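Visitor: Provided below: target-v4.cif, containing mmCIF, C-alpha atoms.
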```
data_target
#
loop_
_atom_site.label_atom_id
_atom_site.label_comp_id
_atom_site.auth_asym_id
_atom_site.auth_seq_id
_atom_site.Cartn_x
_atom_site.Cartn_y
_atom_site.Cartn_z
CA MET A 261 95.04 -16.32 -52.71
CA GLU A 262 95.99 -12.75 -53.39
CA ILE A 263 98.85 -12.86 -50.94
CA ILE A 264 100.87 -15.16 -53.19
CA GLN A 265 100.39 -12.80 -56.09
CA ILE A 266 101.39 -9.83 -53.99
CA VAL A 267 104.50 -11.48 -52.60
CA GLY A 268 105.46 -12.61 -56.10
CA ILE A 269 105.05 -9.09 -57.45
CA GLY A 270 107.10 -7.74 -54.57
CA ILE A 271 110.00 -10.14 -55.05
CA VAL A 272 110.14 -9.72 -58.83
CA ALA A 273 109.98 -5.96 -58.51
CA THR A 274 112.74 -5.95 -55.91
CA VAL A 275 115.03 -7.84 -58.27
CA LEU A 276 114.19 -5.45 -61.09
CA VAL A 277 114.89 -2.45 -58.90
CA LEU A 278 118.25 -3.95 -57.90
CA VAL A 279 119.15 -4.47 -61.56
CA LEU A 280 118.21 -0.91 -62.46
CA LYS A 281 119.69 0.77 -59.42
CA ASN A 282 123.30 0.66 -60.57
CA GLN A 283 122.65 1.96 -64.05
CA ARG A 284 119.72 4.30 -63.66
CA PRO A 285 118.74 4.94 -60.05
CA GLU A 286 115.90 7.31 -61.05
CA LEU A 287 114.17 4.57 -63.05
CA GLY A 288 114.70 2.18 -60.17
CA ILE A 289 112.76 4.54 -57.91
CA LEU A 290 109.96 4.72 -60.44
CA VAL A 291 109.73 0.93 -60.57
CA SER A 292 109.49 0.79 -56.81
CA ILE A 293 106.78 3.48 -56.82
CA ILE A 294 104.73 1.59 -59.34
CA THR A 295 105.15 -1.62 -57.37
CA GLY A 296 103.84 0.11 -54.29
CA LEU A 297 100.86 1.36 -56.29
CA VAL A 298 100.06 -2.07 -57.70
CA ILE A 299 100.15 -3.65 -54.28
CA PHE A 300 98.05 -0.87 -52.81
CA PHE A 301 95.42 -1.31 -55.48
CA PHE A 302 95.21 -4.99 -54.65
CA ALA A 303 94.60 -4.13 -51.03
CA ALA A 304 92.24 -1.25 -51.77
CA ALA A 305 89.94 -3.45 -53.84
CA LYS A 306 89.52 -5.62 -50.77
CA LEU A 307 89.10 -2.65 -48.47
CA VAL A 308 86.20 -1.06 -50.35
CA GLY A 309 83.71 -3.69 -49.29
CA VAL A 310 84.84 -3.70 -45.67
CA ILE A 311 84.50 0.06 -45.37
CA GLU A 312 81.06 0.03 -46.95
CA LEU A 313 79.95 -2.62 -44.48
CA LEU A 314 81.31 -0.69 -41.52
CA LYS A 315 79.58 2.47 -42.70
CA ASP A 316 76.33 0.56 -43.02
CA TYR A 317 76.67 -0.68 -39.47
CA ALA A 318 77.49 2.77 -38.17
CA ARG A 319 74.32 4.04 -39.82
CA LYS A 320 72.29 1.21 -38.33
CA VAL A 321 73.19 2.01 -34.74
CA ASN A 322 73.13 5.69 -35.75
CA ILE A 323 76.53 6.84 -34.67
CA ASP A 324 77.04 10.49 -35.38
CA SER A 325 78.31 10.67 -38.96
CA LEU A 326 80.77 13.34 -37.85
CA TYR A 327 82.84 10.70 -36.07
CA ILE A 328 82.88 8.18 -38.89
CA SER A 329 83.61 10.65 -41.64
CA THR A 330 86.43 12.23 -39.64
CA LEU A 331 87.98 8.86 -38.88
CA LEU A 332 87.85 7.78 -42.51
CA LYS A 333 89.29 11.06 -43.70
CA VAL A 334 92.14 10.71 -41.26
CA ILE A 335 92.94 7.24 -42.53
CA GLY A 336 92.95 8.49 -46.11
CA ILE A 337 95.27 11.37 -45.28
CA ALA A 338 97.56 9.08 -43.34
CA TYR A 339 97.76 6.66 -46.24
CA ILE A 340 98.63 9.29 -48.82
CA ALA A 341 101.09 11.09 -46.57
CA GLU A 342 102.89 7.88 -45.66
CA PHE A 343 102.99 6.81 -49.29
CA GLY A 344 104.64 10.04 -50.34
CA ALA A 345 107.00 10.10 -47.39
CA GLU A 346 108.18 6.53 -47.96
CA ILE A 347 108.96 7.24 -51.60
CA CYS A 348 110.97 10.29 -50.69
CA LYS A 349 112.82 8.35 -48.02
CA ASP A 350 113.63 5.58 -50.48
CA ALA A 351 115.12 8.11 -52.85
CA GLY A 352 117.29 9.42 -50.02
CA GLU A 353 115.43 12.69 -49.55
CA SER A 354 114.56 12.22 -45.92
CA SER A 355 114.13 15.94 -45.33
CA ILE A 356 111.34 16.16 -47.89
CA ALA A 357 109.86 13.02 -46.40
CA SER A 358 109.74 14.57 -42.95
CA LYS A 359 108.09 17.70 -44.38
CA ILE A 360 105.40 15.55 -45.97
CA GLU A 361 104.84 13.82 -42.66
CA LEU A 362 104.65 17.16 -40.89
CA ALA A 363 102.02 18.40 -43.33
CA GLY A 364 100.05 15.21 -42.86
CA LYS A 365 100.12 15.62 -39.11
CA ILE A 366 99.01 19.22 -39.32
CA ILE A 367 96.13 18.42 -41.62
CA ILE A 368 95.02 15.64 -39.30
CA VAL A 369 95.10 18.02 -36.35
CA VAL A 370 93.07 20.55 -38.34
CA LEU A 371 90.48 17.84 -38.95
CA ALA A 372 90.48 17.22 -35.24
CA VAL A 373 89.86 20.86 -34.36
CA PRO A 374 86.06 20.77 -34.70
CA ILE A 375 86.04 17.71 -32.47
CA ILE A 376 88.30 19.35 -29.93
CA THR A 377 86.22 22.51 -29.81
CA SER A 378 82.98 20.59 -29.46
CA LEU A 379 84.58 18.58 -26.67
CA LEU A 380 85.50 21.80 -24.91
CA GLU A 381 81.98 23.08 -25.47
CA LEU A 382 80.63 19.88 -23.92
CA VAL A 383 82.84 20.35 -20.89
CA ILE A 384 81.64 23.92 -20.55
CA ARG A 385 78.06 22.72 -20.63
CA ILE A 386 78.63 20.00 -18.07
CA LEU A 387 79.84 22.52 -15.54
CA PRO A 388 76.79 24.36 -14.31
CA MET B 100 96.95 -2.26 -64.10
CA GLY B 101 99.05 -5.03 -62.74
CA ILE B 102 102.41 -6.68 -62.92
CA ASP B 103 102.74 -5.89 -66.64
CA LEU B 104 103.15 -2.22 -65.76
CA ILE B 105 106.13 -3.05 -63.55
CA PHE B 106 107.67 -5.12 -66.31
CA ARG B 107 107.05 -2.42 -68.87
CA ILE B 108 108.81 0.20 -66.79
CA ALA B 109 111.68 -2.11 -65.94
CA THR B 110 112.08 -2.97 -69.63
CA ILE B 111 112.19 0.68 -70.57
CA GLY B 112 114.77 1.20 -67.87
CA ILE B 113 117.01 -1.63 -69.04
CA LEU B 114 116.69 -0.64 -72.69
CA VAL B 115 117.56 2.94 -71.90
CA SER B 116 120.61 1.94 -69.92
CA ILE B 117 121.83 -0.37 -72.70
CA LEU B 118 121.25 2.32 -75.34
CA ASN B 119 123.02 4.75 -73.12
CA ALA B 120 126.04 2.48 -72.76
CA VAL B 121 126.23 1.81 -76.51
CA LEU B 122 125.88 5.46 -77.48
CA ASN B 123 128.42 6.45 -74.89
CA LYS B 124 130.92 3.94 -76.23
CA SER B 125 130.49 5.21 -79.77
CA GLY B 126 131.14 8.73 -78.58
CA ARG B 127 127.70 10.34 -78.96
CA GLU B 128 127.26 11.70 -75.50
CA GLU B 129 124.46 14.17 -76.41
CA GLN B 130 122.31 11.45 -77.91
CA ALA B 131 122.92 9.23 -74.92
CA MET B 132 121.79 12.05 -72.70
CA MET B 133 118.68 12.57 -74.83
CA THR B 134 117.70 8.91 -74.77
CA SER B 135 118.02 8.67 -71.03
CA LEU B 136 115.98 11.84 -70.63
CA ALA B 137 113.27 10.58 -72.99
CA GLY B 138 113.07 7.26 -71.17
CA LEU B 139 112.73 9.04 -67.87
CA VAL B 140 109.95 11.29 -69.17
CA ILE B 141 107.99 8.38 -70.65
CA VAL B 142 108.18 6.37 -67.46
CA LEU B 143 107.36 9.42 -65.39
CA LEU B 144 104.20 9.98 -67.42
CA MET B 145 103.11 6.40 -66.87
CA VAL B 146 103.77 6.61 -63.17
CA ALA B 147 102.07 9.98 -62.84
CA ARG B 148 98.88 8.57 -64.33
CA GLU B 149 98.91 5.73 -61.85
CA ILE B 150 99.54 8.07 -58.95
CA ALA B 151 96.56 10.16 -60.01
CA ASN B 152 94.62 6.91 -60.06
CA LEU B 153 95.76 6.16 -56.53
CA PHE B 154 94.66 9.57 -55.31
CA ASN B 155 91.24 9.08 -56.85
CA VAL B 156 90.86 5.67 -55.25
CA VAL B 157 91.82 6.99 -51.83
CA LYS B 158 89.52 9.98 -52.24
CA THR B 159 86.50 7.87 -53.03
CA LEU B 160 87.39 5.19 -50.52
CA PHE B 161 87.67 7.49 -47.55
CA ASN B 162 85.45 10.25 -48.99
CA LEU B 163 88.03 12.95 -48.50
CA MET C 11 65.64 4.74 -20.05
CA ILE C 12 66.50 1.26 -21.25
CA ALA C 13 66.29 2.38 -24.86
CA PHE C 14 68.65 5.25 -24.11
CA LEU C 15 71.15 2.95 -22.39
CA LYS C 16 70.91 0.49 -25.23
CA SER C 17 71.64 3.05 -27.91
CA TRP C 18 74.46 4.51 -25.84
CA VAL C 19 76.16 1.15 -25.31
CA LEU C 20 75.67 0.15 -28.93
CA ASN C 21 77.14 3.42 -30.04
CA ILE C 22 80.24 3.00 -27.95
CA VAL C 23 80.78 -0.64 -28.82
CA THR C 24 80.45 -0.03 -32.54
CA LEU C 25 82.72 2.95 -32.38
CA VAL C 26 85.36 0.98 -30.46
CA VAL C 27 85.25 -1.85 -32.99
CA PHE C 28 85.49 0.67 -35.79
CA ILE C 29 88.48 2.37 -34.19
CA LEU C 30 90.22 -0.96 -33.55
CA LEU C 31 89.89 -1.89 -37.21
CA LEU C 32 91.18 1.50 -38.26
CA GLU C 33 94.17 1.12 -35.93
CA ILE C 34 95.07 -2.04 -37.77
CA MET C 35 94.61 -0.37 -41.13
CA ILE C 36 96.59 2.76 -40.44
CA PRO C 37 100.10 2.78 -41.91
CA SER C 38 102.82 2.48 -39.31
CA GLY C 39 104.50 5.83 -39.49
CA LYS C 40 104.79 9.01 -37.50
CA VAL C 41 101.23 9.95 -38.37
CA ARG C 42 100.03 7.13 -36.19
CA LYS C 43 100.37 9.03 -32.94
CA PHE C 44 98.10 11.76 -34.18
CA VAL C 45 95.50 9.30 -35.34
CA ASN C 46 95.52 7.81 -31.86
CA LEU C 47 94.95 11.26 -30.40
CA LEU C 48 92.00 11.83 -32.68
CA THR C 49 90.40 8.46 -32.02
CA GLY C 50 90.76 9.05 -28.29
CA LEU C 51 89.02 12.41 -28.58
CA ILE C 52 86.23 10.91 -30.64
CA LEU C 53 85.74 8.19 -28.09
CA ILE C 54 85.50 10.71 -25.27
CA MET C 55 82.93 12.66 -27.26
CA ALA C 56 80.89 9.55 -27.86
CA LEU C 57 81.01 8.76 -24.16
CA ILE C 58 79.98 12.17 -22.93
CA SER C 59 77.58 13.63 -25.43
CA PRO C 60 74.65 11.18 -25.02
CA VAL C 61 74.61 11.86 -21.29
CA LEU C 62 74.30 15.56 -21.95
CA ASP C 63 71.58 14.91 -24.50
CA PHE C 64 69.80 12.93 -21.84
CA LEU C 65 70.09 15.75 -19.36
CA GLY C 66 68.73 18.10 -21.98
CA ARG C 67 71.85 20.16 -22.25
CA GLY C 68 73.25 18.63 -25.41
CA LEU C 69 74.56 20.51 -28.37
CA ASP C 70 74.10 19.85 -32.04
CA LEU C 71 77.49 18.54 -33.13
CA LYS C 72 76.74 19.00 -36.80
CA GLU C 73 76.03 22.68 -36.43
CA PHE C 74 79.09 23.09 -34.31
CA GLN C 75 81.26 21.38 -36.86
CA ILE C 76 79.89 23.43 -39.74
CA ALA C 77 80.46 26.67 -37.90
CA ASP C 78 84.01 25.66 -36.99
CA THR C 79 85.09 24.39 -40.37
CA ARG C 80 83.65 27.47 -42.01
CA PHE C 81 85.66 29.65 -39.68
CA LEU C 82 88.85 27.69 -40.38
CA ASP C 83 88.29 27.71 -44.13
CA ARG C 84 87.75 31.42 -44.16
CA LYS C 85 90.87 32.13 -42.15
CA GLU C 86 92.85 29.87 -44.45
CA ILE C 87 91.63 31.56 -47.59
CA GLU C 88 92.30 34.99 -46.11
CA ARG C 89 95.84 33.95 -45.37
CA LYS C 90 96.32 32.49 -48.80
CA SER C 91 95.09 35.64 -50.48
CA SER C 92 98.32 37.38 -49.55
CA LEU C 93 100.45 34.55 -50.90
CA LEU C 94 98.86 33.48 -54.15
CA LYS C 95 98.54 35.07 -57.53
CA GLU C 96 95.26 36.29 -58.91
CA GLU C 97 94.56 33.26 -61.09
CA GLN C 98 95.22 30.81 -58.28
CA MET C 99 93.21 32.99 -55.97
CA LYS C 100 90.19 32.69 -58.24
CA GLN C 101 90.48 28.92 -58.18
CA THR C 102 90.78 28.83 -54.42
CA THR C 103 87.79 31.09 -54.00
CA GLU C 104 85.77 28.94 -56.35
CA LEU C 105 86.71 25.86 -54.35
CA TYR C 106 85.69 27.58 -51.14
CA ARG C 107 82.38 28.56 -52.69
CA LYS C 108 81.71 24.99 -53.81
CA LYS C 109 82.48 23.73 -50.33
CA LEU C 110 80.11 26.25 -48.79
CA ILE C 111 77.37 25.24 -51.21
CA ARG C 112 77.86 21.60 -50.34
CA GLN C 113 77.74 22.38 -46.63
CA ILE C 114 74.54 24.35 -47.03
CA GLU C 115 72.90 21.64 -49.06
CA GLU C 116 73.91 18.99 -46.58
CA SER C 117 72.74 20.92 -43.55
CA ILE C 118 69.40 21.81 -45.06
CA GLY C 119 68.61 18.55 -46.80
CA LYS C 120 67.49 17.04 -43.49
CA ILE C 121 64.88 19.67 -42.68
CA ASP C 122 61.35 18.37 -42.68
CA GLY C 123 59.33 19.02 -45.79
CA VAL C 124 62.30 19.67 -48.03
CA GLU C 125 62.93 17.06 -50.62
CA SER C 126 65.94 18.43 -52.36
CA ILE C 127 67.73 21.69 -52.43
CA GLU C 128 70.13 23.58 -54.61
CA ALA C 129 72.14 26.37 -53.12
CA ASP C 130 74.09 29.20 -54.61
CA VAL C 131 76.38 31.52 -52.73
CA ILE C 132 77.78 34.92 -53.50
CA ILE C 133 80.89 35.70 -51.53
CA ASN C 134 83.08 38.72 -51.37
CA GLU C 135 85.75 37.96 -53.95
CA ASP C 136 87.71 41.14 -53.64
CA TYR C 137 90.72 39.80 -51.84
CA ARG C 138 92.14 43.19 -51.03
CA SER C 139 89.22 44.11 -48.84
CA ASP C 140 89.02 43.24 -45.18
CA SER C 141 85.85 41.23 -45.39
CA PHE C 142 87.22 38.93 -48.04
CA GLY C 143 85.56 35.54 -48.07
CA GLU C 144 82.48 36.80 -46.30
CA ILE C 145 79.17 35.46 -47.52
CA LYS C 146 77.14 38.18 -49.14
CA ARG C 147 74.05 36.32 -50.23
CA ILE C 148 72.73 32.79 -50.21
CA TYR C 149 70.19 31.64 -52.74
CA LEU C 150 68.25 28.48 -52.03
CA TYR C 151 66.17 26.66 -54.59
CA VAL C 152 63.93 24.36 -52.66
CA LYS C 153 62.03 21.41 -54.00
CA ARG C 154 59.27 20.58 -51.60
CA GLY C 155 58.85 17.09 -50.26
CA GLU C 156 55.52 15.37 -49.60
CA LYS C 157 55.70 15.74 -45.85
CA THR C 158 53.93 19.07 -45.65
CA ASP C 159 50.67 18.09 -43.95
CA GLY C 160 49.73 15.56 -46.54
CA ILE C 161 49.22 18.04 -49.35
CA ALA C 162 50.65 16.56 -52.48
CA PRO C 163 52.99 19.13 -53.97
CA VAL C 164 51.96 18.61 -57.59
CA THR C 165 48.27 19.35 -57.19
CA GLU C 166 48.92 22.20 -54.84
CA ILE C 167 51.19 23.92 -57.29
CA GLU C 168 48.62 23.58 -60.02
CA LYS C 169 46.17 25.40 -57.84
CA ILE C 170 48.50 28.25 -57.19
CA ARG C 171 49.02 28.75 -60.85
CA ILE C 172 45.30 28.89 -61.53
CA SER C 173 44.69 31.39 -58.80
CA THR C 174 47.45 33.75 -59.83
CA ARG C 175 46.73 33.62 -63.51
CA ARG C 176 43.07 34.50 -63.23
CA PRO C 177 42.72 36.63 -60.15
CA GLN C 178 39.71 38.48 -61.53
CA ASP C 179 37.78 35.29 -62.11
CA THR C 180 34.93 35.44 -59.57
CA GLY C 181 33.55 31.90 -60.00
CA SER C 182 32.95 30.01 -56.78
CA LYS C 183 35.21 27.22 -57.94
CA SER C 184 38.18 29.43 -58.43
CA GLN C 185 37.46 31.13 -55.13
CA GLU C 186 37.82 27.83 -53.40
CA LEU C 187 40.99 27.10 -55.28
CA TYR C 188 42.32 30.48 -54.34
CA SER C 189 41.90 29.84 -50.65
CA GLU C 190 43.62 26.51 -50.90
CA GLY C 191 46.42 28.18 -52.73
CA MET C 192 46.74 30.62 -49.87
CA GLU C 193 47.02 27.79 -47.41
CA ALA C 194 49.82 26.25 -49.40
CA GLU C 195 51.60 29.57 -49.49
CA GLU C 196 51.43 29.74 -45.73
CA ILE C 197 53.15 26.41 -45.32
CA ASP C 198 55.69 27.60 -47.77
CA ASN C 199 56.26 30.62 -45.59
CA GLU C 200 56.74 28.45 -42.55
CA ILE C 201 59.41 26.40 -44.26
CA ARG C 202 60.90 29.54 -45.68
CA GLN C 203 61.13 31.05 -42.23
CA HIS C 204 62.69 27.90 -40.89
CA LEU C 205 65.22 27.75 -43.70
CA GLU C 206 66.16 31.37 -43.31
CA ASP C 207 66.58 30.90 -39.58
CA THR C 208 68.75 27.83 -39.91
CA VAL C 209 70.96 29.19 -42.63
CA SER C 210 71.49 32.56 -41.04
CA ARG C 211 72.33 30.93 -37.73
CA LEU C 212 74.74 28.38 -39.18
CA PHE C 213 76.58 30.66 -41.52
CA GLY C 214 76.38 33.85 -39.54
CA ILE C 215 74.74 36.17 -42.05
CA ASP C 216 71.72 38.44 -41.99
CA LYS C 217 68.32 36.98 -42.74
CA GLU C 218 67.71 39.49 -45.51
CA ASN C 219 70.56 37.99 -47.42
CA VAL C 220 69.07 34.52 -47.50
CA VAL C 221 66.85 34.23 -50.55
CA VAL C 222 64.60 31.21 -50.65
CA ASN C 223 62.99 30.26 -53.93
CA SER C 224 60.90 27.32 -54.92
CA ASP C 225 62.44 25.11 -57.51
CA LYS C 226 61.78 26.72 -60.87
CA SER C 227 61.33 23.45 -62.69
CA GLN C 228 58.39 22.65 -60.44
CA ARG C 229 56.66 25.96 -60.56
CA GLY C 230 56.73 25.98 -64.36
#
```
If you took the structure in this file and wrote it as structure tokens, what would it be?

Guide:
Amino acid sequence: MEIIQIVGIGIVATVLVLVLKNQRPELGILVSIITGLVIFFFAAAKLVGVIELLKDYARKVNIDSLYISTLLKVIGIAYIAEFGAEICKDAGESSIASKIELAGKIIIVVLAVPIITSLLELVIRILP
Amino acid sequence: MGIDLIFRIATIGILVSILNAVLNKSGREEQAMMTSLAGLVIVLLMVAREIANLFNVVKTLFNL
Amino acid sequence: MIAFLKSWVLNIVTLVVFILLLEIMIPSGKVRKFVNLLTGLILIMALISPVLDFLGRGLDLKEFQIADTRFLDRKEIERKSSLLKEEQMKQTTELYRKKLIRQIEESIGKIDGVESIEADVIINEDYRSDSFGEIKRIYLYVKRGEKTDGIAPVTEIEKIRISTRRPQDTGSKSQELYSEGMEAEEIDNEIRQHLEDTVSRLFGIDKENVVVNSDKSQRG
């Protein structure tokens, strides 16, 4: 019953942030960051097993590891980028947040480049 | 790692704001400034360690 | 035919399930659109490439990816060299070198008859020159696996040592050992040739600059 724990942590932390926000907004932000981290760690502990299982399956039906590793990398980048962007947005710095998102997008596209080029190469080879 | 970290940081925050108010009332603005800065740095260190932790977890999880 | 269809369908189904799960897991932000683009591309690849393999016109995706990422990395590091300070530049170059080494080790580890491999790379670290980031030399330390025609590597290596240490020994026994040692050397040469070919093709350098050594710890 992790969900109860997580919701409890969330509510308590929200109240604490509200208390701190008037006096010391910077510490309020830090509390909200740490709450996000705690909740993420709860979820990540669950996720580890699932991802291992999926990888095992992918190996069993031998999917090209290029696909799987790229997909996982993209998810990781998306998580980190969103995490940073949300924090910046919470603190009212939406311009920094959008820059973080932009960088995340670019890095994802760079990861996609080998796939795009090999797709193009495939198309070239299909045409006689 | 857990809820105690949230409480610890919130406690530091509340203590710092109380200290700040008291010192301000008694007319020692510089010390009030210093305490608030020290509190911020301490909390920032704690949070930075956890963020590094998060990055490591994500790195290993999605083998970045 | 049936086996091919089976593996194709399994591939696609597993990939679709995988992608669906990832779609649920991805955070709901602006990055999402780009992830969708990427998953779509991957799905298209998975749909097309087995057919081409079947027709005998497929391409090795791994090699393609290595060549591409190496190109991108090198361009990036070239660009950075004009922006960063010397100290940072050293760190970046070191990181690039480590990545190259890992790529080499990964791409070669699958070759038949190679059990494990350690690579070392020398790159052009003078960031003012035009060919900055170019690979100058690749050293490979190969530990042979047991797949080489059933000759156990341990005994074979012992024989080589005997033959080279006492070349003037004219006993019939050592003669026999010598010939066996020669045979082992030949296999070594075959693998060496193969390694040199693969590495020079993947990383776009001359064959003379690929140095293949046997693992020192094994040779004694």

Visitor: Which residues of chain B come within 6 Å of chain A, and what is each one's closest atom pair and distance in Å (one decimal), counting all atoms listed in the file, sorted by chain and residue number, as a tab-separated table?

Guide:
```
residue	atom	partner	partner_atom	distance
B:Gly101	CA	A:Val298	CA	5.9
B:Gly112	CA	A:Leu287	CA	5.9
B:Phe161	CA	A:Leu332	CA	5.1
B:Leu163	CA	A:Lys333	CA	5.3
```

Visitor: Please save C-alpha atoms of the selected residues as a PDB file, in the frame of the given file.

Guide:
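Output below, filename again-v9.pdb:
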```
ATOM      1  CA  GLY B 101      99.050  -5.030 -62.740  1.00  0.00           C
ATOM      2  CA  GLY B 112     114.770   1.200 -67.870  1.00  0.00           C
ATOM      3  CA  PHE B 161      87.670   7.490 -47.550  1.00  0.00           C
ATOM      4  CA  LEU B 163      88.030  12.950 -48.500  1.00  0.00           C
TER       5      LEU B 163
END
```

Visitor: Between C:Asn134, C:Glu104, C:Asn21, C:Leu110, single out the one closest to Arg319 (chain A), counting all atoms listed in the file.

Guide: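 Using all atoms listed in the file, Arg319 (chain A) sits closest to C:Asn21.
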
Visitor: Using the chain letters and numbers from this file, what does the PyMOL selection byres ((chain C) within 7 of (chain A)) select? Give the answer as a ChimeraX atom specification.

Guide: /C:20-21,24,36-37,39,41,44-45,48,52,55,67,71,74-75,78-79

Visitor: Take the PyMOL selection byres ((chain B and resi 127-140) around 12), apply it to the structure above, and return the hits as a PyMOL selection string.

Guide: (chain A and resi 283-291) or (chain B and resi 107-126+141-147)

Visitor: What does the structure give for the distance between CA of Phe213 (chain C) and CA of Glu135 (chain C), in Å to one decimal?

Guide: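 Distance between the two atoms: 17.1 Å.
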
Visitor: Can you tell me, as a PyMOL selection string, what residues are no more than 9 Å from Ile145 (chain C) when counting only C-alpha atoms, ignoring any on the same chain fewer than 6 positions away?

Guide: chain C and resi 131-134+213-215+219

Visitor: Please work out which residues fall within 12 Å of (73.1, 12.9, -22.1), coordinates as given in the file, with only C-alpha atoms counting, and return them as a JSON list (two decimals) with C-alpha atoms, in the coordinates of the input.

Guide:
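File point.json, as written:
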```json
[["chain", "number", "residue", "atom", "x", "y", "z"],
["A", 382, "LEU", "CA", 80.63, 19.88, -23.92],
["A", 385, "ARG", "CA", 78.06, 22.72, -20.63],
["A", 386, "ILE", "CA", 78.63, 20.00, -18.07],
["C", 11, "MET", "CA", 65.64, 4.74, -20.05],
["C", 14, "PHE", "CA", 68.65, 5.25, -24.11],
["C", 15, "LEU", "CA", 71.15, 2.95, -22.39],
["C", 17, "SER", "CA", 71.64, 3.05, -27.91],
["C", 18, "TRP", "CA", 74.46, 4.51, -25.84],
["C", 55, "MET", "CA", 82.93, 12.66, -27.26],
["C", 56, "ALA", "CA", 80.89, 9.55, -27.86],
["C", 57, "LEU", "CA", 81.01, 8.76, -24.16],
["C", 58, "ILE", "CA", 79.98, 12.17, -22.93],
["C", 59, "SER", "CA", 77.58, 13.63, -25.43],
["C", 60, "PRO", "CA", 74.65, 11.18, -25.02],
["C", 61, "VAL", "CA", 74.61, 11.86, -21.29],
["C", 62, "LEU", "CA", 74.30, 15.56, -21.95],
["C", 63, "ASP", "CA", 71.58, 14.91, -24.50],
["C", 64, "PHE", "CA", 69.80, 12.93, -21.84],
["C", 65, "LEU", "CA", 70.09, 15.75, -19.36],
["C", 66, "GLY", "CA", 68.73, 18.10, -21.98],
["C", 67, "ARG", "CA", 71.85, 20.16, -22.25],
["C", 68, "GLY", "CA", 73.25, 18.63, -25.41],
["C", 69, "LEU", "CA", 74.56, 20.51, -28.37]]
```

Visitor: When you draw a straight line from CA of Leu150 (chain C) to CA of Val222 (chain C), how long is it in Å?

Guide: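 Spanning CA of Leu150 (chain C) to CA of Val222 (chain C) is a straight-line distance of 4.8 Å.
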
Visitor: Distance CA of Glu144 (chain C)-CA of Arg84 (chain C), one decimal place?

Guide: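 Atom-to-atom, CA of Glu144 (chain C) and CA of Arg84 (chain C) are spaced 7.8 Å apart.
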
Visitor: What would the selection look like, as a PyMOL selection string, if the PyMOL selection byres ((chain C and resi 29) around 10) were run on the coordinates I just shared?

Guide: (chain A and resi 328+331-332) or (chain C and resi 23-28+30-35+45-46+49-50+52-53)

Visitor: Build an axis-aligned box that encloses every atom of region 311-322 of chain A listed in the file, pad it by 4 Å on each side, and report its centre and edge lengths in Å to one decimal, as AutoDock Vina command-line options.

Guide:
```
--center_x 78.4 --center_y 1.5 --center_z -40.8 --size_x 20.2 --size_y 16.3 --size_z 20.2
```
